[in-house]
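Dropping work-v3.txt in here (compact mmCIF, C-alpha atoms (C1' of nucleotides)):
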# COMPACT_ATOMS: atom_id res chain seq x y z
CA MET A 33 26.30 56.64 28.83
CA LYS A 34 27.74 59.94 27.65
CA ILE A 35 30.35 60.29 24.94
CA GLY A 36 33.23 60.67 27.37
CA GLU A 37 32.61 57.35 28.99
CA LEU A 38 32.08 55.63 25.65
CA ALA A 39 35.34 57.14 24.45
CA GLU A 40 37.12 55.84 27.51
CA ARG A 41 35.65 52.37 27.22
CA THR A 42 36.51 52.04 23.54
CA ARG A 43 39.73 54.03 23.75
CA LEU A 44 38.55 56.14 20.85
CA ALA A 45 38.56 59.92 20.74
CA PRO A 46 35.20 61.60 21.25
CA SER A 47 35.70 63.42 17.97
CA GLN A 48 36.13 60.07 16.31
CA ILE A 49 32.87 58.78 17.72
CA ARG A 50 31.06 61.91 16.60
CA PHE A 51 32.67 61.48 13.21
CA TYR A 52 31.41 57.93 12.92
CA GLU A 53 27.95 59.18 13.71
CA SER A 54 28.26 61.97 11.15
CA ILE A 55 28.99 59.52 8.36
CA GLY A 56 26.12 57.28 9.38
CA LEU A 57 28.28 54.52 10.76
CA LEU A 58 27.12 54.69 14.35
CA LYS A 59 23.41 55.23 14.59
CA MET A 60 22.62 53.98 18.08
CA VAL A 61 22.63 57.34 19.80
CA ARG A 62 19.92 59.39 21.51
CA ARG A 63 19.95 62.78 23.09
CA GLN A 64 19.56 63.74 26.71
CA PRO A 65 17.27 66.69 27.46
CA ASN A 66 20.32 68.93 27.59
CA GLY A 67 21.46 67.95 24.11
CA TYR A 68 24.23 65.63 25.23
CA ARG A 69 24.56 62.37 23.31
CA SER A 70 23.44 59.27 25.13
CA TYR A 71 24.64 55.80 24.13
CA PRO A 72 23.35 52.34 25.02
CA PRO A 73 25.91 49.79 26.28
CA GLU A 74 25.86 48.03 22.91
CA ALA A 75 27.57 51.04 21.40
CA VAL A 76 30.77 49.69 22.90
CA LEU A 77 30.28 46.45 21.00
CA VAL A 78 29.60 48.20 17.75
CA LEU A 79 32.59 50.49 18.05
CA ASN A 80 34.86 47.57 18.87
CA LEU A 81 33.44 45.81 15.88
CA ILE A 82 34.24 48.80 13.71
CA VAL A 83 37.79 48.95 15.00
CA THR A 84 38.24 45.25 14.42
CA GLY A 85 36.79 45.55 10.95
CA GLN A 86 39.21 48.32 10.14
CA LYS A 87 42.11 46.24 11.36
CA ALA A 88 40.97 43.51 9.02
CA GLY A 89 41.09 45.94 6.14
CA PHE A 90 37.51 47.11 5.85
CA SER A 91 37.05 50.78 5.05
CA LEU A 92 34.52 52.77 7.02
CA ASP A 93 32.47 52.89 3.87
CA GLU A 94 32.39 49.12 3.57
CA LEU A 95 31.59 48.79 7.23
CA ARG A 96 28.69 51.17 6.93
CA ARG A 97 27.20 49.09 4.16
CA LEU A 98 27.81 45.91 6.13
CA LEU A 99 26.79 46.83 9.64
CA PRO A 100 23.07 47.29 10.17
CA SER A 101 21.96 49.91 12.65
CA ASP A 102 20.18 47.17 14.51
CA LEU A 103 22.45 44.46 15.85
CA ALA A 104 19.60 41.97 15.66
CA GLN A 105 19.28 42.37 11.91
CA TRP A 106 22.50 40.98 10.52
CA GLU A 107 22.30 39.98 6.90
CA HIS A 108 24.27 36.80 7.26
CA GLY A 109 24.54 36.16 3.56
CA ARG A 110 26.00 39.49 2.55
CA LEU A 111 28.13 39.60 5.66
CA LEU A 112 29.65 36.19 5.06
CA ASP A 113 30.30 37.06 1.43
CA ALA A 114 32.08 40.23 2.44
CA LEU A 115 34.12 38.41 5.03
CA ARG A 116 35.18 35.77 2.55
CA ASP A 117 36.04 38.45 0.00
CA LYS A 118 38.18 40.17 2.56
CA VAL A 119 39.98 36.96 3.39
CA GLN A 120 40.75 36.64 -0.30
CA ASP A 121 42.00 40.21 -0.38
CA ILE A 122 44.25 39.55 2.56
CA ALA A 123 45.62 36.40 0.97
CA ALA A 124 46.40 38.29 -2.21
CA PHE A 125 47.99 41.01 -0.20
CA GLU A 126 50.11 38.52 1.69
CA THR A 127 51.41 37.29 -1.62
CA ARG A 128 52.33 40.77 -2.71
CA LEU A 129 54.00 41.45 0.61
CA ALA A 130 56.01 38.27 0.36
CA GLN A 131 57.14 39.27 -3.10
CA SER A 132 58.14 42.72 -1.95
CA LYS A 133 60.06 41.27 0.93
CA ALA A 134 61.80 38.75 -1.29
CA GLN A 135 62.75 41.52 -3.65
CA LEU A 136 64.15 43.62 -0.85
CA VAL A 137 66.10 40.70 0.55
CA ALA A 138 67.51 39.95 -2.86
CA LEU A 139 68.40 43.59 -3.30
CA ILE A 140 70.23 43.62 0.01
CA ALA A 141 72.12 40.50 -0.95
CA GLU A 142 72.95 41.99 -4.31
CA ILE A 143 74.34 45.13 -2.79
CA GLU A 144 76.31 43.27 -0.16
CA ALA A 145 77.79 40.95 -2.76
CA ARG A 146 79.51 43.90 -4.37
CA PRO A 147 82.72 42.59 -5.94
CA ASP A 148 84.68 45.21 -4.05
CA ASP A 149 86.87 45.99 -7.00
CA ILE A 150 84.25 48.11 -8.76
CA ASP A 151 83.11 51.58 -7.81
CA CYS A 152 79.78 52.80 -6.53
CA ALA A 153 78.40 53.94 -9.84
CA THR A 154 79.20 50.68 -11.56
CA ASN A 155 77.82 48.72 -8.65
CA ALA A 156 74.68 50.79 -8.64
CA LYS A 157 74.09 50.04 -12.28
CA ARG A 158 74.88 46.37 -11.78
CA VAL A 159 72.39 46.18 -8.93
CA LEU A 160 69.72 48.04 -10.82
CA SER A 161 69.95 45.91 -13.90
CA ARG A 162 70.16 42.71 -11.89
CA MET A 163 67.02 43.61 -10.00
CA GLY A 164 65.11 44.09 -13.19
CA LEU A 165 64.43 47.67 -12.27
CA CYS A 166 65.16 48.76 -15.77
CA GLU A 167 61.99 47.18 -17.04
CA THR A 168 58.51 47.65 -15.72
CA GLN A 169 57.96 44.66 -13.48
CA SER A 170 54.22 44.23 -13.29
CA PRO A 171 52.49 44.98 -16.55
CA THR A 172 49.08 44.81 -14.99
CA LEU A 173 48.53 47.09 -12.06
CA VAL A 174 47.51 45.43 -8.83
CA ALA A 175 44.85 47.22 -6.89
CA GLY A 176 45.93 48.74 -3.63
CA ASP A 177 49.44 49.69 -2.69
CA ILE A 178 51.29 49.18 0.50
CA LYS A 179 50.55 52.45 2.17
CA ALA A 180 50.50 51.13 5.67
CA LEU A 181 54.20 50.56 6.04
CA GLY A 182 55.08 54.19 6.48
CA LYS A 183 56.54 55.43 9.70
CA ALA A 184 54.21 55.79 12.66
CA LYS A 185 53.30 59.40 13.29
CA ARG A 186 51.19 61.61 15.46
CA ARG A 187 49.43 59.05 17.56
CA ARG A 188 47.54 60.44 20.50
CA VAL A 189 47.25 58.66 23.82
CA ALA A 190 43.60 58.75 24.76
CA GLY A 191 42.86 59.88 28.26
CA ALA A 192 46.34 61.10 29.02
CA GLY A 193 45.59 64.79 28.91
CA MET B 1064 63.92 62.90 -23.76
CA LYS B 1065 60.78 64.97 -23.13
CA ILE B 1066 58.26 64.29 -20.41
CA GLY B 1067 55.82 62.52 -22.70
CA GLU B 1068 58.32 59.89 -23.69
CA LEU B 1069 59.50 59.42 -20.12
CA ALA B 1070 55.89 59.02 -19.05
CA GLU B 1071 55.35 56.40 -21.70
CA ARG B 1072 58.49 54.49 -20.83
CA THR B 1073 57.74 54.43 -17.14
CA ARG B 1074 53.98 54.18 -17.53
CA LEU B 1075 53.58 57.09 -15.17
CA ALA B 1076 51.42 60.14 -15.76
CA PRO B 1077 53.28 63.31 -16.76
CA SER B 1078 51.64 65.09 -13.87
CA GLN B 1079 53.06 62.46 -11.58
CA ILE B 1080 56.57 63.00 -12.90
CA ARG B 1081 56.22 66.75 -12.48
CA PHE B 1082 54.94 66.13 -8.99
CA TYR B 1083 57.97 64.03 -8.10
CA GLU B 1084 60.15 66.83 -9.30
CA SER B 1085 58.18 69.38 -7.31
CA ILE B 1086 58.79 67.52 -4.07
CA GLY B 1087 62.47 67.14 -4.81
CA LEU B 1088 62.33 63.44 -5.52
CA LEU B 1089 63.42 63.57 -9.14
CA LYS B 1090 66.18 66.05 -9.69
CA MET B 1091 67.74 64.82 -12.91
CA VAL B 1092 65.97 67.21 -15.22
CA ARG B 1093 67.16 70.04 -17.43
CA ARG B 1094 65.34 72.49 -19.63
CA GLN B 1095 65.34 72.82 -23.36
CA PRO B 1096 65.59 76.35 -24.77
CA ASN B 1097 61.83 76.39 -25.15
CA GLY B 1098 61.23 75.61 -21.50
CA TYR B 1099 60.34 71.97 -22.01
CA ARG B 1100 61.77 69.51 -19.50
CA SER B 1101 64.56 67.30 -20.76
CA TYR B 1102 65.45 64.02 -19.07
CA PRO B 1103 68.52 61.80 -19.36
CA PRO B 1104 67.94 58.07 -19.97
CA GLU B 1105 68.75 57.30 -16.33
CA ALA B 1106 65.54 59.05 -15.33
CA VAL B 1107 63.75 55.88 -16.39
CA LEU B 1108 65.87 53.90 -13.94
CA VAL B 1109 65.23 56.29 -11.10
CA LEU B 1110 61.50 56.39 -11.68
CA ASN B 1111 61.32 52.62 -11.80
CA LEU B 1112 63.30 52.55 -8.61
CA ILE B 1113 60.81 54.91 -7.02
CA VAL B 1114 57.87 52.79 -8.11
CA THR B 1115 59.56 49.67 -6.82
CA GLY B 1116 60.36 51.38 -3.56
CA GLN B 1117 56.76 52.41 -3.15
CA LYS B 1118 55.61 48.87 -3.79
CA ALA B 1119 57.95 47.76 -1.06
CA GLY B 1120 56.30 50.19 1.32
CA PHE B 1121 58.59 53.20 1.18
CA SER B 1122 56.88 56.55 1.26
CA LEU B 1123 57.95 59.22 -1.18
CA ASP B 1124 59.39 61.05 1.77
CA GLU B 1125 61.56 58.11 2.76
CA LEU B 1126 62.62 57.60 -0.83
CA ARG B 1127 63.66 61.21 -1.12
CA ARG B 1128 65.90 60.86 1.89
CA LEU B 1129 67.29 57.60 0.57
CA LEU B 1130 67.84 58.28 -3.09
CA PRO B 1131 70.68 60.65 -3.88
CA SER B 1132 70.30 62.92 -6.84
CA ASP B 1133 73.40 61.36 -8.26
CA LEU B 1134 73.12 57.66 -8.93
CA ALA B 1135 76.86 57.27 -8.45
CA GLN B 1136 76.69 58.49 -4.87
CA TRP B 1137 74.74 55.83 -3.06
CA GLU B 1138 75.24 55.78 0.65
CA HIS B 1139 75.42 52.03 0.99
CA GLY B 1140 75.33 52.03 4.74
CA ARG B 1141 72.19 54.09 5.20
CA LEU B 1142 70.57 52.40 2.25
CA LEU B 1143 71.19 48.91 3.56
CA ASP B 1144 69.96 49.92 6.98
CA ALA B 1145 66.77 51.31 5.51
CA LEU B 1146 66.25 48.21 3.42
CA ARG B 1147 66.71 45.94 6.40
CA ASP B 1148 64.35 48.10 8.45
CA LYS B 1149 61.76 47.80 5.74
CA VAL B 1150 62.13 44.05 5.62
CA GLN B 1151 61.46 44.06 9.35
CA ASP B 1152 58.42 46.25 8.84
CA ILE B 1153 57.10 43.91 6.21
CA ALA B 1154 57.64 40.90 8.42
CA ALA B 1155 55.76 42.58 11.24
CA PHE B 1156 53.03 43.51 8.85
CA GLU B 1157 52.78 39.96 7.58
CA THR B 1158 52.20 38.85 11.14
CA ARG B 1159 49.42 41.35 11.60
CA LEU B 1160 47.86 40.34 8.30
CA ALA B 1161 47.97 36.70 9.27
CA GLN B 1162 46.27 37.50 12.54
CA SER B 1163 43.59 39.52 10.83
CA LYS B 1164 42.97 36.73 8.38
CA ALA B 1165 42.83 34.13 11.12
CA GLN B 1166 40.36 36.29 12.98
CA LEU B 1167 38.18 36.67 9.93
CA VAL B 1168 38.27 32.95 9.21
CA ALA B 1169 37.35 32.21 12.79
CA LEU B 1170 34.55 34.73 12.58
CA ILE B 1171 33.20 33.10 9.44
CA ALA B 1172 33.33 29.70 11.08
CA GLU B 1173 31.61 31.06 14.15
CA ILE B 1174 28.78 32.55 12.16
CA GLU B 1175 28.36 29.45 10.04
CA ALA B 1176 28.30 27.24 13.12
CA ARG B 1177 25.13 28.94 14.26
CA PRO B 1178 23.12 26.38 16.25
CA ASP B 1179 20.11 27.03 14.02
CA ASP B 1180 17.73 27.00 16.93
CA ILE B 1181 18.62 30.49 18.08
CA ASP B 1182 17.66 33.76 16.45
CA CYS B 1183 19.80 36.36 14.75
CA ALA B 1184 20.14 38.68 17.69
CA THR B 1185 21.21 35.94 20.03
CA ASN B 1186 23.62 34.57 17.46
CA ALA B 1187 25.05 37.99 16.88
CA LYS B 1188 25.76 38.40 20.56
CA ARG B 1189 27.18 34.91 20.78
CA VAL B 1190 29.51 35.62 17.87
CA LEU B 1191 30.58 38.98 19.22
CA SER B 1192 31.41 37.69 22.67
CA ARG B 1193 33.15 34.61 21.30
CA MET B 1194 35.33 36.74 19.10
CA GLY B 1195 36.43 38.80 22.04
CA LEU B 1196 35.06 41.91 20.44
CA CYS B 1197 33.63 43.03 23.72
CA GLU B 1198 37.06 43.79 25.09
CA THR B 1199 39.72 45.88 23.51
CA GLN B 1200 42.01 43.39 21.83
CA SER B 1201 45.32 45.14 21.50
CA PRO B 1202 46.10 47.36 24.46
CA THR B 1203 49.09 48.88 22.76
CA LEU B 1204 48.46 50.43 19.40
CA VAL B 1205 50.40 49.01 16.52
CA ALA B 1206 51.76 51.52 14.08
CA GLY B 1207 50.22 51.49 10.66
CA ASP B 1208 46.83 50.16 9.73
CA ILE B 1209 45.77 48.11 6.81
CA LYS B 1210 44.66 50.85 4.51
CA ALA B 1211 45.62 49.16 1.32
CA LEU B 1212 42.92 46.54 1.29
CA GLY B 1213 40.18 48.89 0.20
CA LYS B 1214 38.46 48.47 -3.11
CA ALA B 1215 40.34 49.51 -6.19
CA LYS B 1216 39.19 52.83 -7.54
CA ARG B 1217 39.84 55.39 -10.21
CA ARG B 1218 42.86 53.86 -11.86
CA ARG B 1219 43.86 55.41 -15.10
CA VAL B 1220 45.26 53.41 -17.95
CA ALA B 1221 48.24 55.30 -19.24
CA GLY B 1222 48.42 55.71 -22.97
CA ALA B 1223 44.96 54.40 -23.69
CA GLY B 1224 43.44 57.70 -24.65
C1' DC C 92 48.62 79.52 -41.34
C1' DT C 93 45.83 76.71 -38.95
C1' DT C 94 45.21 72.49 -36.57
C1' DG C 95 46.39 69.17 -33.06
C1' DA C 96 49.40 67.09 -30.04
C1' DC C 97 52.29 68.21 -26.76
C1' DA C 98 54.40 71.36 -23.30
C1' DT C 99 54.29 75.00 -19.36
C1' DT C 100 52.48 77.07 -14.73
C1' DA C 101 50.01 77.90 -10.36
C1' DA C 102 46.41 76.71 -7.79
C1' DA C 103 42.76 74.13 -6.50
C1' DG C 104 40.51 69.58 -6.02
C1' DT C 105 40.50 64.54 -4.46
C1' DT C 106 40.14 60.69 -0.87
C1' DA C 107 40.09 58.67 3.78
C1' DA C 108 39.75 59.15 8.32
C1' DC C 109 40.04 61.94 11.33
C1' DT C 110 41.58 66.26 14.34
C1' DT C 111 41.54 70.99 15.48
C1' DT C 112 39.46 75.24 16.35
C1' DA C 113 36.29 78.46 17.97
C1' DA C 114 32.52 79.91 20.19
C1' DA C 115 29.21 78.47 23.28
C1' DG C 116 26.22 75.71 26.62
C1' DT C 117 25.93 72.27 30.96
C1' DC C 118 26.79 70.90 35.40
C1' DA C 119 28.85 69.06 39.79
C1' DA C 120 31.73 70.69 43.26
C1' DA C 121 34.40 74.01 46.21
C1' DT D 1007 29.31 81.69 42.44
C1' DT D 1008 32.95 80.59 40.17
C1' DT D 1009 35.80 77.23 38.67
C1' DG D 1010 36.89 73.26 35.68
C1' DA D 1011 35.62 69.29 33.29
C1' DC D 1012 32.65 68.00 29.92
C1' DT D 1013 29.53 68.75 26.18
C1' DT D 1014 27.66 70.95 21.74
C1' DT D 1015 28.21 72.74 16.70
C1' DA D 1016 30.01 73.98 12.11
C1' DA D 1017 33.78 74.57 9.60
C1' DA D 1018 38.33 74.31 8.55
C1' DG D 1019 42.77 71.82 8.77
C1' DT D 1020 45.68 67.48 8.19
C1' DT D 1021 48.36 63.90 5.35
C1' DA D 1022 49.82 61.44 1.18
C1' DA D 1023 50.12 61.18 -3.36
C1' DC D 1024 48.50 62.71 -6.86
C1' DT D 1025 44.99 64.77 -10.52
C1' DT D 1026 42.42 68.38 -12.53
C1' DT D 1027 41.77 72.83 -14.26
C1' DA D 1028 42.68 76.85 -16.66
C1' DA D 1029 45.10 79.72 -19.16
C1' DT D 1030 48.88 79.81 -22.20
C1' DG D 1031 53.03 78.53 -25.10
C1' DT D 1032 55.57 75.39 -28.78
C1' DC D 1033 55.95 73.06 -32.84
C1' DA D 1034 55.61 69.62 -36.73
C1' DA D 1035 52.50 68.68 -40.35
C1' DG D 1036 48.99 69.52 -43.80
Give the structure from the file, written as structure tokens.
Amino acid sequence: MKIGELAERTRLAPSQIRFYESIGLLKMVRRQPNGYRSYPPEAVLVLNLIVTGQKAGFSLDELRRLLPSDLAQWEHGRLLDALRDKVQDIAAFETRLAQSKAQLVALIAEIEARPDDIDCATNAKRVLSRMGLCETQSPTLVAGDIKALGKAKRRRVAGAG
Amino acid sequence: MKIGELAERTRLAPSQIRFYESIGLLKMVRRQPNGYRSYPPEAVLVLNLIVTGQKAGFSLDELRRLLPSDLAQWEHGRLLDALRDKVQDIAAFETRLAQSKAQLVALIAEIEARPDDIDCATNAKRVLSRMGLCETQSPTLVAGDIKALGKAKRRRVAGAG
DNA sequence: CTTGACATTAAAGTTAACTTTAAAGTCAAA
DNA sequence: TTTGACTTTAAAGTTAACTTTAATGTCAAG
């Protein structure tokens, strides 16, 4: 199958598929006599696997180290380890998220509970000090910040030219 | 206070503080006669607020729109709305995380439950098809991916020169 | 009066995961 | 035979949130 069809079947952009190849993530590709890329049906599986892996928090770099070029050659040990590590990461992240949410909820409550007889500035300071924002909260830095919560942007609809 | 002290008190890098100023996020800064930046004590509050906001998933861009230059001029309405929106975002994200984790756990179980009498390739295919990786899982794209789960990298320890 | 720590600037570099652009070749169909 | 859809490439652009670099200025202390 050519890149267009693969793109359609995986709902990825052709440029994305070429990119994955360029970084050594997708190696199952041959060339037709005319130079066009030619993919086996399993390429769909692998690309879906990559997408799934990304959704689970694996970087393309991690995935490259994890996914063998040959589907028949999975290193079960390393793979399972990585999966378990990632589950741990997610659990830790869930904790951090819960904390952030709790803090936001508390902040909202704090702001809403404004005594009504004090002005904005005073209330602002009250809220800030109550929330412990005056002191550094986490002395030890936690790896990875919540980058993913930003607004959705330029998202292209594949195949809707 | 000069930038060095502010950096120490907030545990941010001076370059970071200058950067925040450059994008219009931190406006409470004057200049000494010699050209050095001079910050009021409230700058510590604001920077901590920014850091906290980031941890809760706000982008610097969102924070800029949300935080007024003057602490006494909080727009409670817009602020509360934004906070509630963010709580929603986090909740949605928690759901996605939980799904990802469940999928990973199921995947681990699936791999471990390998019948032992079949080879790697066959098992791989069995796992892949069982996990539904052959079909596109989410037809509609969800905004925001889990970028934050990547490995921790170059993290500088402020003040440990 | 020199040293060292700190400050300034503009501009370029970093990372991840892609997309966009530009210039060109391929190919089935009208 | 000329569209038009699809393909190729290398290289540059994008975004966020910073850092690094380089060249220079300030200032308290020895």
Can you build me a table of chain D residues sitting at most 12 Å from chain A, with the closest atom pair per residue and its distance in Å to one decimal, using only C-alpha atoms (C1' of nucleotides), sorted by chain and residue number, as CSV?
residue,atom,partner,partner_atom,distance
D:DA1011,C1',A:Gly36,CA,10.7
D:DC1012,C1',A:Gly36,CA,7.8
D:DT1013,C1',A:Tyr68,CA,6.2
D:DT1014,C1',A:Tyr68,CA,7.2
D:DT1015,C1',A:Gly67,CA,11.1
D:DT1020,C1',A:Arg186,CA,10.8
D:DT1021,C1',A:Lys185,CA,10.4
D:DA1022,C1',A:Lys179,CA,9.1
D:DA1023,C1',A:Lys179,CA,10.3
* **Check: which chain C residues lie within 10 Å of chain A using all atoms listed in the file, as a ChimeraX atom specification** => /C:107-111,116-117
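Note that CA of Thr1073 in chain B and CA of Lys1090 in chain B are 16.2 Å apart.
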* May I ask which of the residues A:Leu77, A:Ala138, A:Ile49, A:Val159 is the closest one to chain B, counting all atoms listed in the file? =>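 Among the listed residues, the smallest separation from chain B belongs to A:Leu77.
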Taking (43.2, 72.7, -21.9) in the file's coordinates, which residues come within 12 Å, counting only C-alpha atoms (C1' of nucleotides), written as an mmCIF file with C-alpha atoms (C1' of nucleotides), in the frame of the given file?
data_model
loop_
_atom_site.group_PDB
_atom_site.id
_atom_site.type_symbol
_atom_site.label_atom_id
_atom_site.label_comp_id
_atom_site.auth_asym_id
_atom_site.auth_seq_id
_atom_site.Cartn_x
_atom_site.Cartn_y
_atom_site.Cartn_z
ATOM 1 C "C1'" DA C 96 49.400 67.090 -30.040
ATOM 2 C "C1'" DC C 97 52.290 68.210 -26.760
ATOM 3 C "C1'" DA C 98 54.400 71.360 -23.300
ATOM 4 C "C1'" DT C 99 54.290 75.000 -19.360
ATOM 5 C "C1'" DT D 1026 42.420 68.380 -12.530
ATOM 6 C "C1'" DT D 1027 41.770 72.830 -14.260
ATOM 7 C "C1'" DA D 1028 42.680 76.850 -16.660
ATOM 8 C "C1'" DA D 1029 45.100 79.720 -19.160
ATOM 9 C "C1'" DT D 1030 48.880 79.810 -22.200
ATOM 10 C "C1'" DG D 1031 53.030 78.530 -25.100
#
